[in-house]
file target37.cif (mmCIF, C-alpha atoms and all ligand atoms)
data_input
loop_
_atom_site.label_atom_id
_atom_site.label_comp_id
_atom_site.auth_asym_id
_atom_site.auth_seq_id
_atom_site.Cartn_x
_atom_site.Cartn_y
_atom_site.Cartn_z
CA MET A 1 10.08 -35.65 -1.37
CA THR A 2 13.53 -37.03 -0.67
CA GLU A 3 14.62 -36.97 -4.32
CA LEU A 4 13.80 -34.61 -7.18
CA SER A 5 13.27 -37.63 -9.40
CA LEU A 6 10.25 -38.47 -7.21
CA ASN A 7 8.76 -35.03 -7.89
CA ILE A 8 9.37 -35.59 -11.61
CA LEU A 9 7.59 -38.95 -11.45
CA ASP A 10 4.71 -37.38 -9.52
CA ILE A 11 4.32 -34.43 -11.91
CA SER A 12 4.43 -36.75 -14.91
CA GLN A 13 1.37 -38.50 -13.46
CA ASN A 14 -0.58 -35.24 -13.85
CA SER A 15 0.15 -35.38 -17.57
CA VAL A 16 -0.97 -39.00 -17.71
CA LYS A 17 -4.18 -38.11 -15.85
CA ALA A 18 -4.75 -35.22 -18.28
CA GLY A 19 -5.17 -37.77 -21.04
CA ALA A 20 -1.95 -36.94 -22.89
CA ASP A 21 -0.75 -39.38 -25.51
CA THR A 22 2.65 -37.72 -25.79
CA ILE A 23 4.81 -36.63 -22.86
CA ASN A 24 8.24 -35.09 -23.29
CA ILE A 25 10.59 -34.76 -20.38
CA THR A 26 13.79 -32.78 -20.64
CA LEU A 27 16.30 -32.29 -17.88
CA THR A 28 19.03 -29.76 -18.48
CA GLU A 29 21.89 -29.23 -16.08
CA THR A 30 24.68 -26.71 -15.91
CA GLU A 31 27.28 -26.49 -13.16
CA GLU A 32 24.89 -24.29 -11.16
CA THR A 33 21.39 -25.16 -12.29
CA LEU A 34 19.04 -28.00 -12.99
CA GLU A 35 15.96 -27.31 -15.05
CA PHE A 36 13.33 -29.79 -16.06
CA VAL A 37 10.43 -29.39 -18.42
CA ILE A 38 7.47 -31.74 -18.67
CA LYS A 39 5.38 -31.10 -21.74
CA ASP A 40 2.18 -32.94 -22.54
CA ASN A 41 -0.65 -32.76 -25.04
CA GLY A 42 -3.34 -33.46 -22.48
CA CYS A 43 -6.55 -31.56 -21.72
CA GLY A 44 -4.75 -28.46 -20.40
CA MET A 45 -5.83 -26.06 -17.64
CA ASP A 46 -7.49 -22.67 -17.84
CA GLU A 47 -5.77 -19.67 -16.29
CA GLU A 48 -7.77 -19.81 -13.11
CA THR A 49 -6.86 -23.44 -12.59
CA VAL A 50 -3.18 -22.75 -13.19
CA ASN A 51 -3.30 -20.01 -10.57
CA SER A 52 -5.10 -22.10 -8.00
CA VAL A 53 -2.80 -25.05 -8.58
CA THR A 54 0.35 -23.06 -7.93
CA ASN A 55 -1.13 -21.03 -5.07
CA PRO A 56 -3.41 -23.50 -3.34
CA PHE A 57 -3.76 -21.45 -0.17
CA TYR A 58 -4.22 -18.00 -1.68
CA THR A 59 -6.98 -18.59 -4.15
CA THR A 60 -10.39 -16.94 -4.05
CA ARG A 61 -11.81 -19.80 -5.97
CA THR A 62 -14.21 -21.98 -4.02
CA THR A 63 -13.84 -25.12 -6.08
CA ARG A 64 -10.07 -25.13 -6.12
CA ASN A 65 -8.08 -28.15 -7.11
CA VAL A 66 -6.55 -29.31 -3.90
CA GLY A 67 -3.48 -31.24 -4.73
CA LEU A 68 -0.09 -31.69 -3.18
CA GLY A 69 2.07 -32.44 -6.17
CA VAL A 70 2.55 -29.03 -7.77
CA PRO A 71 2.81 -27.10 -4.46
CA LEU A 72 5.47 -29.52 -3.22
CA LEU A 73 7.47 -29.07 -6.41
CA LYS A 74 7.11 -25.31 -6.21
CA LEU A 75 8.38 -25.31 -2.65
CA ALA A 76 11.33 -27.52 -3.58
CA ALA A 77 12.30 -25.16 -6.41
CA GLU A 78 11.77 -21.92 -4.51
CA GLN A 79 13.77 -23.04 -1.52
CA THR A 80 16.83 -23.20 -3.78
CA GLY A 81 16.15 -19.73 -5.22
CA GLY A 82 14.50 -21.17 -8.33
CA ASP A 83 10.88 -21.29 -9.41
CA ILE A 84 8.30 -23.07 -11.50
CA GLU A 85 6.31 -21.88 -14.47
CA ILE A 86 3.22 -23.44 -16.03
CA ASN A 87 1.95 -22.69 -19.51
CA SER A 88 -1.23 -24.40 -20.52
CA VAL A 89 -3.75 -24.36 -23.34
CA THR A 90 -7.09 -26.09 -22.87
CA LYS A 91 -8.80 -28.24 -25.44
CA GLU A 92 -11.56 -25.63 -25.60
CA GLN A 93 -9.06 -22.84 -26.29
CA ASP A 94 -7.34 -24.75 -29.02
CA PRO A 95 -8.57 -28.18 -30.08
CA LEU A 96 -5.33 -28.80 -31.97
CA ILE A 97 -2.40 -27.71 -29.84
CA HIS A 98 -3.74 -28.04 -26.31
CA GLY A 99 -1.58 -29.25 -23.47
CA THR A 100 0.59 -28.20 -20.59
CA GLU A 101 4.22 -27.31 -20.18
CA LEU A 102 5.65 -27.18 -16.69
CA LYS A 103 9.15 -25.82 -16.11
CA ALA A 104 11.01 -26.05 -12.84
CA LEU A 105 14.34 -24.41 -12.12
CA PHE A 106 16.65 -25.35 -9.25
CA TYR A 107 19.96 -23.96 -8.04
CA LYS A 108 22.10 -26.98 -7.32
CA ASN A 109 24.60 -25.36 -5.01
CA HIS A 110 21.96 -24.09 -2.63
CA ILE A 111 21.95 -25.91 0.69
CA ASP A 112 18.26 -26.75 0.31
CA PHE A 113 18.66 -28.38 -3.10
CA THR A 114 17.20 -31.87 -3.12
CA PRO A 115 19.39 -34.19 -5.18
CA LEU A 116 17.96 -35.70 -8.36
CA GLY A 117 18.30 -39.24 -7.02
CA ASP A 118 17.28 -42.32 -8.96
CA ILE A 119 15.92 -40.81 -12.17
CA ILE A 120 16.24 -44.16 -13.96
CA SER A 121 13.67 -45.71 -11.61
CA SER A 122 11.33 -42.80 -12.21
CA VAL A 123 11.53 -43.10 -16.00
CA VAL A 124 11.04 -46.85 -15.86
CA THR A 125 8.07 -46.40 -13.52
CA MET A 126 6.46 -43.86 -15.88
CA ILE A 127 6.74 -46.20 -18.84
CA GLN A 128 5.58 -49.24 -16.88
CA GLY A 129 2.51 -47.33 -15.67
CA ALA A 130 1.50 -45.90 -19.03
CA PRO A 131 3.07 -48.01 -21.79
CA ASP A 132 0.81 -46.69 -24.52
CA ILE A 133 1.97 -43.10 -24.13
CA ARG A 134 4.74 -41.81 -26.39
CA TRP A 135 7.44 -40.85 -23.92
CA SER A 136 10.60 -38.97 -24.65
CA PHE A 137 13.30 -38.38 -22.11
CA VAL A 138 16.34 -36.21 -22.70
CA HIS A 139 18.84 -35.45 -19.95
CA THR A 140 21.77 -33.21 -20.73
CA ALA A 141 24.51 -32.19 -18.36
CA PRO A 142 28.05 -30.96 -18.95
CA GLY A 143 29.75 -33.78 -20.88
CA LYS A 144 26.70 -36.03 -20.81
CA GLU A 145 23.57 -36.73 -22.78
CA VAL A 146 21.09 -39.51 -22.11
CA THR A 147 18.05 -39.97 -24.33
CA LEU A 148 15.17 -42.37 -24.58
CA PHE A 149 12.37 -42.26 -27.15
CA THR A 150 9.73 -44.93 -26.74
CA ASP A 151 8.72 -44.49 -30.38
CA GLU A 152 12.04 -46.00 -31.42
CA LEU A 153 11.51 -48.94 -29.10
CA LYS A 154 7.98 -49.50 -30.36
CA ALA A 155 9.19 -49.51 -33.94
CA VAL A 156 11.33 -52.53 -33.05
CA LEU A 157 8.91 -54.20 -30.66
CA GLY A 158 5.78 -54.15 -32.80
CA ASP A 159 2.97 -55.70 -30.77
CA ILE A 160 5.03 -56.38 -27.67
CA PRO A 161 3.90 -53.86 -25.06
CA LEU A 162 6.46 -51.64 -23.34
CA ASP A 163 5.39 -52.91 -19.93
CA ASN A 164 6.50 -56.42 -20.78
CA ALA A 165 8.89 -57.45 -17.99
CA GLU A 166 11.83 -58.13 -20.30
CA VAL A 167 11.33 -54.85 -22.10
CA ILE A 168 11.23 -52.98 -18.81
CA THR A 169 14.48 -54.66 -17.78
CA TRP A 170 16.06 -53.71 -21.11
CA ILE A 171 15.02 -50.07 -20.65
CA LYS A 172 16.47 -49.99 -17.15
CA GLU A 173 19.77 -51.53 -18.29
CA TYR A 174 19.90 -49.25 -21.33
CA LEU A 175 19.53 -46.17 -19.14
CA LYS A 176 22.09 -47.45 -16.64
CA GLU A 177 24.61 -47.96 -19.40
CA SER A 178 23.86 -44.59 -20.96
CA TYR A 179 24.47 -42.89 -17.65
CA SER A 180 27.72 -44.71 -16.97
CA ASN A 181 29.22 -43.80 -20.35
CA MET B 182 26.07 -51.05 -25.06
CA LYS B 183 22.46 -52.21 -24.99
CA SER B 184 21.22 -52.39 -28.53
CA LEU B 185 17.90 -52.34 -30.29
CA ALA B 186 18.87 -55.75 -31.64
CA GLU B 187 18.28 -57.15 -28.16
CA LEU B 188 14.78 -55.73 -28.23
CA ALA B 189 14.24 -57.37 -31.58
CA ALA B 190 15.34 -60.63 -29.98
CA ILE B 191 12.79 -60.20 -27.21
CA ARG B 192 10.17 -59.68 -29.88
CA GLU B 193 11.25 -62.80 -31.75
CA LYS B 194 11.10 -64.84 -28.58
CA MET B 195 7.63 -63.59 -27.72
CA LYS B 196 6.28 -64.03 -31.20
CA ASP B 197 4.88 -67.49 -30.64
CA LYS B 198 3.42 -66.70 -27.26
CA VAL B 199 0.02 -65.24 -26.82
CA ILE B 200 0.67 -61.63 -25.96
CA LEU B 201 -0.90 -60.79 -22.67
CA ARG B 202 -1.90 -57.20 -22.41
CA GLU B 203 -1.83 -55.26 -19.19
CA GLY B 204 -4.84 -56.32 -17.14
CA SER B 205 -5.30 -59.72 -18.69
CA GLY B 206 -3.60 -61.67 -15.91
CA GLU B 207 -5.85 -63.41 -13.42
CA THR B 208 -4.15 -61.67 -10.50
CA ARG B 209 -3.68 -57.93 -10.25
CA VAL B 210 -1.23 -56.17 -7.97
CA VAL B 211 -2.16 -52.49 -7.74
CA VAL B 212 0.25 -49.99 -6.19
CA GLY B 213 -0.99 -46.56 -5.10
CA MET B 214 1.18 -44.01 -6.92
CA ALA B 215 -0.41 -40.66 -6.06
CA THR B 216 1.74 -37.93 -4.51
CA CYS B 217 1.22 -39.32 -1.01
CA GLY B 218 2.23 -42.81 -2.12
CA ILE B 219 5.29 -41.65 -4.07
CA ALA B 220 6.45 -39.52 -1.14
CA ALA B 221 6.07 -42.49 1.20
CA GLY B 222 8.16 -44.83 -0.97
CA ALA B 223 5.83 -46.39 -3.53
CA ARG B 224 8.36 -46.24 -6.38
CA PRO B 225 10.75 -48.89 -5.03
CA VAL B 226 7.75 -51.00 -3.96
CA LEU B 227 6.33 -50.93 -7.48
CA ASN B 228 9.69 -51.75 -9.02
CA ALA B 229 10.27 -54.60 -6.59
CA PHE B 230 6.92 -56.14 -7.58
CA VAL B 231 7.70 -55.77 -11.29
CA GLU B 232 11.12 -57.40 -10.89
CA GLU B 233 10.16 -60.15 -8.50
CA VAL B 234 7.01 -61.21 -10.38
CA SER B 235 9.20 -61.68 -13.43
CA LYS B 236 11.99 -63.39 -11.49
CA GLN B 237 9.57 -65.88 -9.93
CA GLY B 238 8.15 -66.67 -13.36
CA LEU B 239 4.72 -65.26 -12.55
CA SER B 240 4.51 -62.73 -15.41
CA GLU B 241 1.78 -64.57 -17.26
CA LYS B 242 -0.47 -64.83 -14.25
CA VAL B 243 0.21 -61.60 -12.39
CA THR B 244 -0.22 -58.06 -13.66
CA VAL B 245 1.41 -55.20 -11.78
CA ALA B 246 -0.45 -51.92 -12.20
CA GLN B 247 -0.36 -48.41 -10.82
CA THR B 248 -3.23 -46.34 -9.54
CA GLY B 249 -3.81 -42.97 -7.89
CA CYS B 250 -4.73 -42.42 -4.28
CA ILE B 251 -6.19 -45.50 -2.60
CA GLY B 252 -7.47 -43.28 0.19
CA VAL B 253 -5.49 -44.35 3.21
CA CYS B 254 -2.59 -41.89 2.92
CA ARG B 255 -1.35 -42.47 6.41
CA PHE B 256 -0.68 -46.12 5.61
CA GLU B 257 1.18 -45.53 2.33
CA PRO B 258 2.73 -47.20 0.44
CA VAL B 259 -0.46 -49.20 -0.07
CA VAL B 260 -0.81 -52.24 -2.32
CA GLU B 261 -4.02 -54.01 -3.25
CA ILE B 262 -4.11 -57.57 -4.54
CA PHE B 263 -7.04 -58.76 -6.61
CA GLU B 264 -7.32 -62.47 -7.28
CA ALA B 265 -10.10 -64.07 -9.25
CA GLY B 266 -12.72 -65.49 -6.88
CA LYS B 267 -11.08 -64.10 -3.75
CA GLU B 268 -11.57 -61.07 -1.60
CA LYS B 269 -9.28 -58.09 -2.15
CA VAL B 270 -6.23 -58.03 0.09
CA THR B 271 -4.77 -54.66 1.15
CA TYR B 272 -1.17 -54.49 2.31
CA VAL B 273 0.00 -51.27 3.94
CA LYS B 274 3.25 -49.54 4.88
CA MET B 275 5.00 -51.55 2.22
CA THR B 276 8.71 -51.62 1.41
CA ALA B 277 10.63 -53.22 -1.45
CA ASP B 278 11.61 -56.13 0.86
CA LYS B 279 8.02 -56.71 1.93
CA ALA B 280 6.99 -56.58 -1.73
CA ARG B 281 9.41 -59.37 -2.62
CA GLU B 282 8.10 -61.36 0.33
CA VAL B 283 4.49 -60.87 -0.83
CA VAL B 284 5.41 -62.14 -4.29
CA GLU B 285 7.02 -65.24 -2.88
CA LYS B 286 4.63 -66.13 -0.07
CA HIS B 287 1.32 -64.77 -1.30
CA LEU B 288 1.40 -64.68 -5.10
CA LYS B 289 3.51 -67.79 -5.50
CA GLY B 290 2.78 -69.66 -2.29
CA GLY B 291 -0.86 -68.70 -1.89
CA ASN B 292 -0.57 -67.50 1.71
CA VAL B 293 -1.65 -64.02 2.73
CA ILE B 294 0.93 -62.34 4.98
CA THR B 295 -1.37 -61.20 7.75
CA GLU B 296 1.14 -59.02 9.58
CA TYR B 297 1.25 -56.56 6.66
CA LEU B 298 -2.53 -56.18 6.46
CA ILE B 299 -4.19 -52.91 7.30
CA THR B 300 -5.91 -54.44 10.32
CA ASN B 301 -2.58 -55.33 11.89
CA VAL B 302 -0.58 -52.10 11.82
N1 LIG A 401 -0.38 -31.48 -16.87
C1 LIG A 401 -1.60 -31.18 -16.43
N2 LIG A 401 -2.66 -31.14 -17.29
C2 LIG A 401 -3.90 -30.85 -16.87
N3 LIG A 401 -4.21 -30.55 -15.59
C3 LIG A 401 -3.21 -30.56 -14.68
C4 LIG A 401 -1.86 -30.85 -15.05
N4 LIG A 401 -1.09 -30.76 -13.94
C5 LIG A 401 -1.92 -30.43 -12.94
N5 LIG A 401 -3.19 -30.31 -13.35
C6 LIG A 401 -4.37 -29.94 -12.55
O1 LIG A 401 -3.91 -29.44 -11.33
C7 LIG A 401 -4.44 -30.18 -10.24
C8 LIG A 401 -3.46 -30.20 -9.09
O2 LIG A 401 -2.29 -30.97 -9.40
P1 LIG A 401 -1.43 -31.53 -8.21
O3 LIG A 401 -0.39 -32.42 -8.79
O4 LIG A 401 -0.95 -30.41 -7.38
O5 LIG A 401 -2.44 -32.37 -7.36
P2 LIG A 401 -3.26 -33.70 -7.77
O6 LIG A 401 -2.56 -34.40 -8.86
O7 LIG A 401 -4.71 -33.34 -7.98
O8 LIG A 401 -3.19 -34.57 -6.49
P3 LIG A 401 -1.84 -35.16 -5.85
O9 LIG A 401 -0.72 -34.67 -6.72
O10 LIG A 401 -1.80 -34.59 -4.48
O11 LIG A 401 -1.96 -36.63 -5.89
C9 LIG A 401 -4.77 -31.53 -10.83
O12 LIG A 401 -5.80 -32.17 -10.11
C10 LIG A 401 -5.23 -31.13 -12.22
O13 LIG A 401 -6.57 -30.69 -12.19
MG MG A 402 -0.42 -34.63 -8.94
#

call {"tool": "encode", "arguments": {"input": "target37.cif", "output": "C-alpha cells", "more": "lines below"}}
Ligand SMILES: Nc1ncnc2c1ncn2[C@@H]1O[C@H](COP(=O)(O)OP(=O)(O)OP(=O)(O)O)[C@@H](O)[C@H]1O
Ligand SMILES: [Mg+2]
result
Amino acid sequence: MTELSLNILDISQNSVKAGADTINITLTETEETLEFVIKDNGCGMDEETVNSVTNPFYTTRTTRNVGLGVPLLKLAAEQTGGDIEINSVTKEQDPLIHGTELKALFYKNHIDFTPLGDIISSVVTMIQGAPDIRWSFVHTAPGKEVTLFTDELKAVLGDIPLDNAEVITWIKEYLKESYSN
Amino acid sequence: MKSLAELAAIREKMKDKVILREGSGETRVVVGMATCGIAAGARPVLNAFVEEVSKQGLSEKVTVAQTGCIGVCRFEPVVEIFEAGKEKVTYVKMTADKAREVVEKHLKGGNVITEYLITNV
C-alpha cells in the first residue's frame, strides 16, 4: 500500500466483515512512533486463526485463511522495526465481550516507513460503506487531537443516514477543519 | 468550525423528503473495496463517485455502495453498475477522473463508456 491510511481502511473492513456493530480506531503519534489500534466487537478469531492470519506461509493448518490484508500490514510495520499484535475473543469463548483488537506499531523515522497519507478519506470511506456501525476515531499527535464519534452525529441526525451525501460532505469538512486547527 | 448545528440543518431540510435508505435507488454503483481494490486505488474512485453523484443531482436515483473482491484483481479498481432492466456493466482499471466521467456520461447521459469496459482493456 502506498499510504498507511489505506492499510487502516483495509483492516477496518475485516471488522465490518466480522459483524461488529462498534468499531473504535485510535491513532497515537509521538515524535518517533505511530501506533494505531482497531478494536471491534465482531465475531472474533480463535487462537489458531490468529496465528494463521499473521503467519500465512508458516501455518500447519490446511484450511488457513488466505488473505492479504493482515500480512501486508504486518510487513509494513515490521519493515520499520515495529510490529503488530492481535488479541481476539470469539463469540463462543465469551458471548458478551467477544471481538478483536489489532495493534500496529511503526517507527516513523525509519526509511521504510510508509506515510499515513489521506486518513480523512479513509475515515469517510469507512462511514460511507457501513453507516449503521458506531464508529469512533481518535487521532492524537504532539499538539493535536482530532476526534469523531458517529454516535454524536446520529443523535443530531435522527433518521437521516450517515451515508447521506450532505452528511458525508459535512464529515469530510469537519475532519479537514479539525486537522488544520 | 463545522458545527453540529449544520447537521441539524441538514436534518431539517431533509425532513419533508422521503428518506431513501442505502440500496433503495434504482441504480447501484458498486465499487470493489477488498485489499486488492484498495491497493490499486479504489478509495479515490469510490469518493469520486460519491461526490460526483451528489454534484450532478443524482443522489435520489443512484446509490453508491462498497463490496469485497469482485474477482478480477488484475483489473482493479473495478466498478459494477446495476440499472433496473439493464444488463450489469463492469468498468475496470478505474481512476477518480474516469469515475467522474462515468457519472456524467453513463449515469446522467445514459451512454455506456465502452473504452473502460473489461472487454476493451
Ligand atoms: N477483526 C476481525 N474479526 C474477525 N476475523 C478477522 C478479523 N480480522 C481478520 N480476520 C480473519 O482473518 C482473515 C484474514 O484477514 P486478511 O485481512 O488478512 O484477509 P481477508 O480479509 O480474508 O482478505 P483480503 O484482506 O485479502 O481482502 C479474514 O478472512 C478473517 O477470517
Ligand atoms: Mg482483509

call {"tool": "interface_residues", "arguments": {"input": "target37.cif", "of": "chain A", "to": "chain B", "cutoff": "10 Å", "atoms": "all atoms listed in the file", "output": "ChimeraX atom specification"}}
result
/A:1-3,6-7,9-11,13-14,17,67-70,72,121-122,124-126,128-131,152-171,173-178,181

call {"tool": "residues_around", "arguments": {"input": "target37.cif", "residues": "Gly19 of chain A", "least_positions_apart": "5", "cutoff": "9 Å", "atoms": "all atoms listed in the file", "output": "list in words"}}
result
Asn14, Asp40, Asn41, Gly42 and Cys43 of chain A

call {"tool": "atom_distance", "arguments": {"input": "target37.cif", "atom1": "atom CA of Lys269 of chain B", "atom2": "atom O8 of ligand LIG 401 (chain A)"}}
result
24.7 Å

call {"tool": "closest_residue", "arguments": {"input": "target37.cif", "among": "A:Ala77, A:Ile86, A:Ala18, A:Ile25", "to": "ligand MG 402 (chain A)", "atoms": "all atoms listed in the file"}}
result
A:Ala18

call {"tool": "closest_residue", "arguments": {"input": "target37.cif", "among": "B:Lys194, B:Ile262, B:Ala229, B:Gly213", "to": "Asp278 of chain B", "atoms": "all atoms listed in the file"}}
result
B:Ala229

call {"tool": "axis_aligned_box", "arguments": {"input": "target37.cif", "around": "ligand LIG 401 (chain A)", "padding_each_side": "3 Å", "output": "AutoDock Vina command-line options"}}
result
--center_x -3.5 --center_y -33.0 --center_z -10.9 --size_x 12.2 --size_y 13.2 --size_z 18.8

call {"tool": "closest_residue", "arguments": {"input": "target37.cif", "among": "A:Glu31, A:Glu92, A:Glu78, A:Asp83", "to": "Asn109 of chain A", "atoms": "all atoms listed in the file"}}
result
A:Glu31

call {"tool": "atom_distance", "arguments": {"input": "target37.cif", "atom1": "atom CA of Phe230 of chain B", "atom2": "atom CA of Thr271 of chain B"}}
result
14.7 Å

call {"tool": "atom_distance", "arguments": {"input": "target37.cif", "atom1": "atom CA of Asn24 of chain A", "atom2": "atom CA of Tyr179 of chain A"}}
result
18.9 Å

call {"tool": "closest_residue", "arguments": {"input": "target37.cif", "among": "A:Thr26, A:Thr54, A:Thr147, A:Thr80", "to": "ligand MG 402 (chain A)", "atoms": "all atoms listed in the file"}}
result
A:Thr54

call {"tool": "closest_residue", "arguments": {"input": "target37.cif", "among": "B:Ala265, B:Cys250, B:Val293, B:Ala280", "to": "ligand LIG 401 (chain A)", "atoms": "all atoms listed in the file"}}
result
B:Cys250

call {"tool": "residues_around", "arguments": {"input": "target37.cif", "residues": "Tyr272 of chain B", "least_positions_apart": "4", "cutoff": "10 Å", "atoms": "only C-alpha atoms", "output": "ChimeraX atom specification"}}
result
/B:212,256-262,279-280,283,293-302

call {"tool": "closest_residue", "arguments": {"input": "target37.cif", "among": "A:Thr140, A:Asp118, A:Leu73, A:Thr33", "to": "ligand MG 402 (chain A)", "atoms": "all atoms listed in the file"}}
result
A:Leu73
